[in-house]
Amino acid sequence: MKIKIALHWKILLGILFGLFFGLLMKNFDQNTLVINWIKPFGTLFINMLKMIAVPLIVVSLIVGLADLKDISKLSKLGGRTVFFYLCTTVFAVSLGLLLANIVKPGSFINQEARESLLANFAGDATQKIELAQKAKESGPLQPLVDIVPDNIFTAMGNNSSMLQVIFFVVLIGIGLILIEEEKAKPVVDFFKGMNDVILKMIDIIMLFSPYGVFALMAALMVEIPGFSTLGALGIYGLTVLLGLLIMAFVFYPVLLVVFTKVNPIQFFKAIAPAQLLAFSTSSSAATLPVTMECVTDNLGVDEEVSSFVLPLGATVNMDGTSLYQAVAAIFIAQAMLPHPLDLTTQLMIVVTATLASIGSAAVPSAGMVMLVIVLGQAGIPEAGLALIFAIDRPLDMCRTVVNITSDATVATIVAKSVGKLHAVQKD
């Protein structure tokens with residue numbers, strides 16, 4: 001009798017074996033072996049997921065919008081989606097600030113650890129500061145200008161330009177709604193066929209997922225810095241993790257129970273493959289194909305809703321990133337400034353971090369660049385970014401899980417509000 005193991009268990013086993021193998025290789029001083037011969041398979045896996053992300057957004061969003069058949073439905077769907085995304089982001093930033101002010105993680109950094117971290121990661125911090133400086137030099141309306149691509153094919157070739165792709169595809173969807181149905185039908189049928197093909201491609205790619213996450217975890221273990229300076233950052237990391245845990249296992253379940261009556265345990269079982277993949281890839285964009293499959297097939301969210309809400313969420317909804325930016329800003333301020341930040345400055349952090357999370361690309365460590373803008377606005381030394389580089393990668397993995405959990409939660413709530421949440425047939 002052949003035992004069939006569910007995908008999320010295979011991914012979890014890949015994570016655990018990868019961590020163990022990486023730790024073993026690190027102890028035997030075989031870091032180069034892992035980097036040269038194991039890590040490339042993890043990179044291949046992420047690239048395959050990213051490869052399919054833009055085509056998936058294009059075809060699924062066009063099909064979903066065309067099926068609405070009414071502009072008023074699009075307005076209703078879009079309005080509710082943006083409202084819930086903004087509310088969850090503001091809550092995440094506020095929670096991060098509250099926890100950082102209560103725990104005061106910056107007070108645990110001693111002078112020796114501070115100097116060591118600043119020296120070791122000064123180069124990485126400078127690189128992020130330069131990228132952020134380019135963003136700040138643009139005018140206040142530049143983010144609005146950036147939404148409209150001057151060349152859609154260039155935008156489609158860059159996963160950090162997801163918002164531009166969504167803008168273009170929404171226009172196509174609106175055009176299909178407004179023209180005569182018989183003229184739109186051949187176009188819609190083509191994209192529906194392409195949608196089925198791409199979903200099958202995702203199934204094929206996911207067969208490789210346990211091996212891909214094994215390679216990623218093994219590489220993570222050999223690349224992580226020495227633990228001598230990590231002790232000073234433990235409280236900061238735990239503060240971020242506490243906030244992320246509250247978001248994932250308290251805030252979102254409460255929203256689900258209040259707005260949808262969905263059992264939180266069933267919800268987490270349904271999206272477990274997407275959460276594990278988000279943890280191993282640190283990329284909302286790379287995880288998007290699996291998130292859409294989980295939300296549609298396992299939660300019963302109508303494809304009409306998931307194909308609109310989730311691609312938008314992978315681009316503009318970054319609750320985990322927002323919470324991390326708030327904690328990191330207060331942590332660096334406590335470590336480097338002689339006085340605490342006043343209430344007005346902290347309220348501005350809420351506004352800036354919310355807006356910055358919208359502009360974060362759905363790729364690993366993009367939140368770091370946006371954090372520089374948050375620090376600059378609050379008058380916190382940007383060089384302090386070097387303090388948190390040592391443990392940013394593990395935290396990035398955790399906050400990506402929260403990012404996609406938020407997307408799935410909002411998709412479920414919006415689907416329920418428009419009567420598009422269906423009962424799932426159990427095997």
# chains A, B, ... in the order shown; residues from 1 in each chain; ligands from 1
$ closest_atom_pairs --of "region 262-374 of chain A" --to "region 190-210 of chain A" --cutoff "9 Å" --atoms "only C-alpha atoms" --output "CSV"
residue,atom,partner,partner_atom,distance
A:Leu277,CA,A:Ser209,CA,8.1
A:Pro289,CA,A:Ile202,CA,6.9
A:Val290,CA,A:Ile202,CA,7.6
A:Glu293,CA,A:Leu199,CA,8.0
$ residues_around --residues "Leu13 (chain A)" --least-positions-apart "5" --cutoff "9 Å" --atoms "only C-alpha atoms" --output "list in words"
His8, Gly18, Pro210 and Phe214 of chain A
$ write_last_selection --atoms "N, CA, C and O atoms" --output "mmCIF file, in the first residue's frame"
data_model
loop_
_atom_site.group_PDB
_atom_site.id
_atom_site.type_symbol
_atom_site.label_atom_id
_atom_site.label_comp_id
_atom_site.auth_asym_id
_atom_site.auth_seq_id
_atom_site.Cartn_x
_atom_site.Cartn_y
_atom_site.Cartn_z
ATOM 1 N N HIS A 8 2.072 19.945 1.873
ATOM 2 C CA HIS A 8 2.626 20.796 2.926
ATOM 3 C C HIS A 8 3.542 20.008 3.868
ATOM 4 O O HIS A 8 4.497 20.557 4.416
ATOM 5 N N GLY A 18 16.703 20.327 5.260
ATOM 6 C CA GLY A 18 17.613 21.348 4.747
ATOM 7 C C GLY A 18 18.355 22.052 5.865
ATOM 8 O O GLY A 18 19.573 22.273 5.784
ATOM 9 N N PRO A 210 9.710 20.297 -2.530
ATOM 10 C CA PRO A 210 10.453 19.804 -1.360
ATOM 11 C C PRO A 210 11.970 19.891 -1.544
ATOM 12 O O PRO A 210 12.706 20.188 -0.599
ATOM 13 N N PHE A 214 14.561 22.449 0.443
ATOM 14 C CA PHE A 214 15.719 21.813 1.091
ATOM 15 C C PHE A 214 16.989 22.588 0.758
ATOM 16 O O PHE A 214 17.799 22.914 1.643
#
$ residues_around --residues "Leu97 (chain A)" --least-positions-apart "4" --cutoff "9 Å" --atoms "only C-alpha atoms" --output "CSV table (one decimal) with N, CA, C and O atoms, in the first residue's frame"
chain,number,residue,atom,x,y,z
A,92,ALA,N,-1.0,46.6,11.8
A,92,ALA,CA,0.3,45.9,11.9
A,92,ALA,C,1.4,46.9,12.4
A,92,ALA,O,2.2,46.6,13.2
A,93,VAL,N,1.4,48.1,11.7
A,93,VAL,CA,2.4,49.1,12.1
A,93,VAL,C,2.2,49.6,13.6
A,93,VAL,O,3.1,49.7,14.4
A,101,ASN,N,7.8,49.8,22.0
A,101,ASN,CA,7.9,50.7,23.1
A,101,ASN,C,7.8,50.0,24.5
A,101,ASN,O,8.3,50.5,25.5
A,102,ILE,N,7.1,48.9,24.5
A,102,ILE,CA,6.9,48.1,25.7
A,102,ILE,C,8.2,47.3,26.0
A,102,ILE,O,8.7,47.4,27.2
A,323,LEU,N,5.0,45.8,10.1
A,323,LEU,CA,5.2,45.6,11.5
A,323,LEU,C,6.7,45.6,11.8
A,323,LEU,O,7.2,46.2,12.7
A,326,ALA,N,8.2,49.0,11.7
A,326,ALA,CA,7.9,49.8,12.9
A,326,ALA,C,8.9,49.4,14.1
A,326,ALA,O,9.4,50.2,14.8
A,327,VAL,N,9.0,48.1,14.3
A,327,VAL,CA,9.8,47.6,15.4
A,327,VAL,C,11.3,48.0,15.1
A,327,VAL,O,12.0,48.4,16.0
A,329,ALA,N,12.5,50.4,13.3
A,329,ALA,CA,12.7,51.9,13.5
A,329,ALA,C,12.9,52.3,15.0
A,329,ALA,O,13.8,53.0,15.3
A,330,ILE,N,12.0,51.7,15.8
A,330,ILE,CA,12.1,52.0,17.2
A,330,ILE,C,13.4,51.4,17.8
A,330,ILE,O,14.1,52.0,18.7
A,346,GLN,N,6.3,59.1,16.1
A,346,GLN,CA,5.9,57.7,16.0
A,346,GLN,C,4.6,57.6,15.2
A,346,GLN,O,4.4,56.6,14.4
A,349,ILE,N,5.6,57.6,11.7
A,349,ILE,CA,6.1,56.3,11.3
A,349,ILE,C,5.0,55.4,10.8
A,349,ILE,O,5.1,54.7,9.9
A,350,VAL,N,3.8,55.5,11.5
A,350,VAL,CA,2.6,54.7,11.1
A,350,VAL,C,2.3,55.1,9.6
A,350,VAL,O,2.1,54.2,8.8
$ residues_around --residues "Asp302 (chain A)" --least-positions-apart "5" --cutoff "12 Å" --atoms "only C-alpha atoms" --output "list in words"
Ser60, Val63, Gly64, Asp67, Leu68, Met292, Glu293, Cys294, Val295, Thr296, Asp297, Ser307, Phe308, Val309, Leu310, Ala411, Thr412, Ile413, Val414, Ala415, Lys416, Ser417, Val418, Gly419, Lys420, Leu421, His422, Ala423 and Val424 of chain A
$ residues_around --residues "Ile380 (chain A)" --least-positions-apart "4" --cutoff "6 Å" --atoms "only C-alpha atoms" --output "list in words"
Ala333, Leu375 and Gly376 of chain A
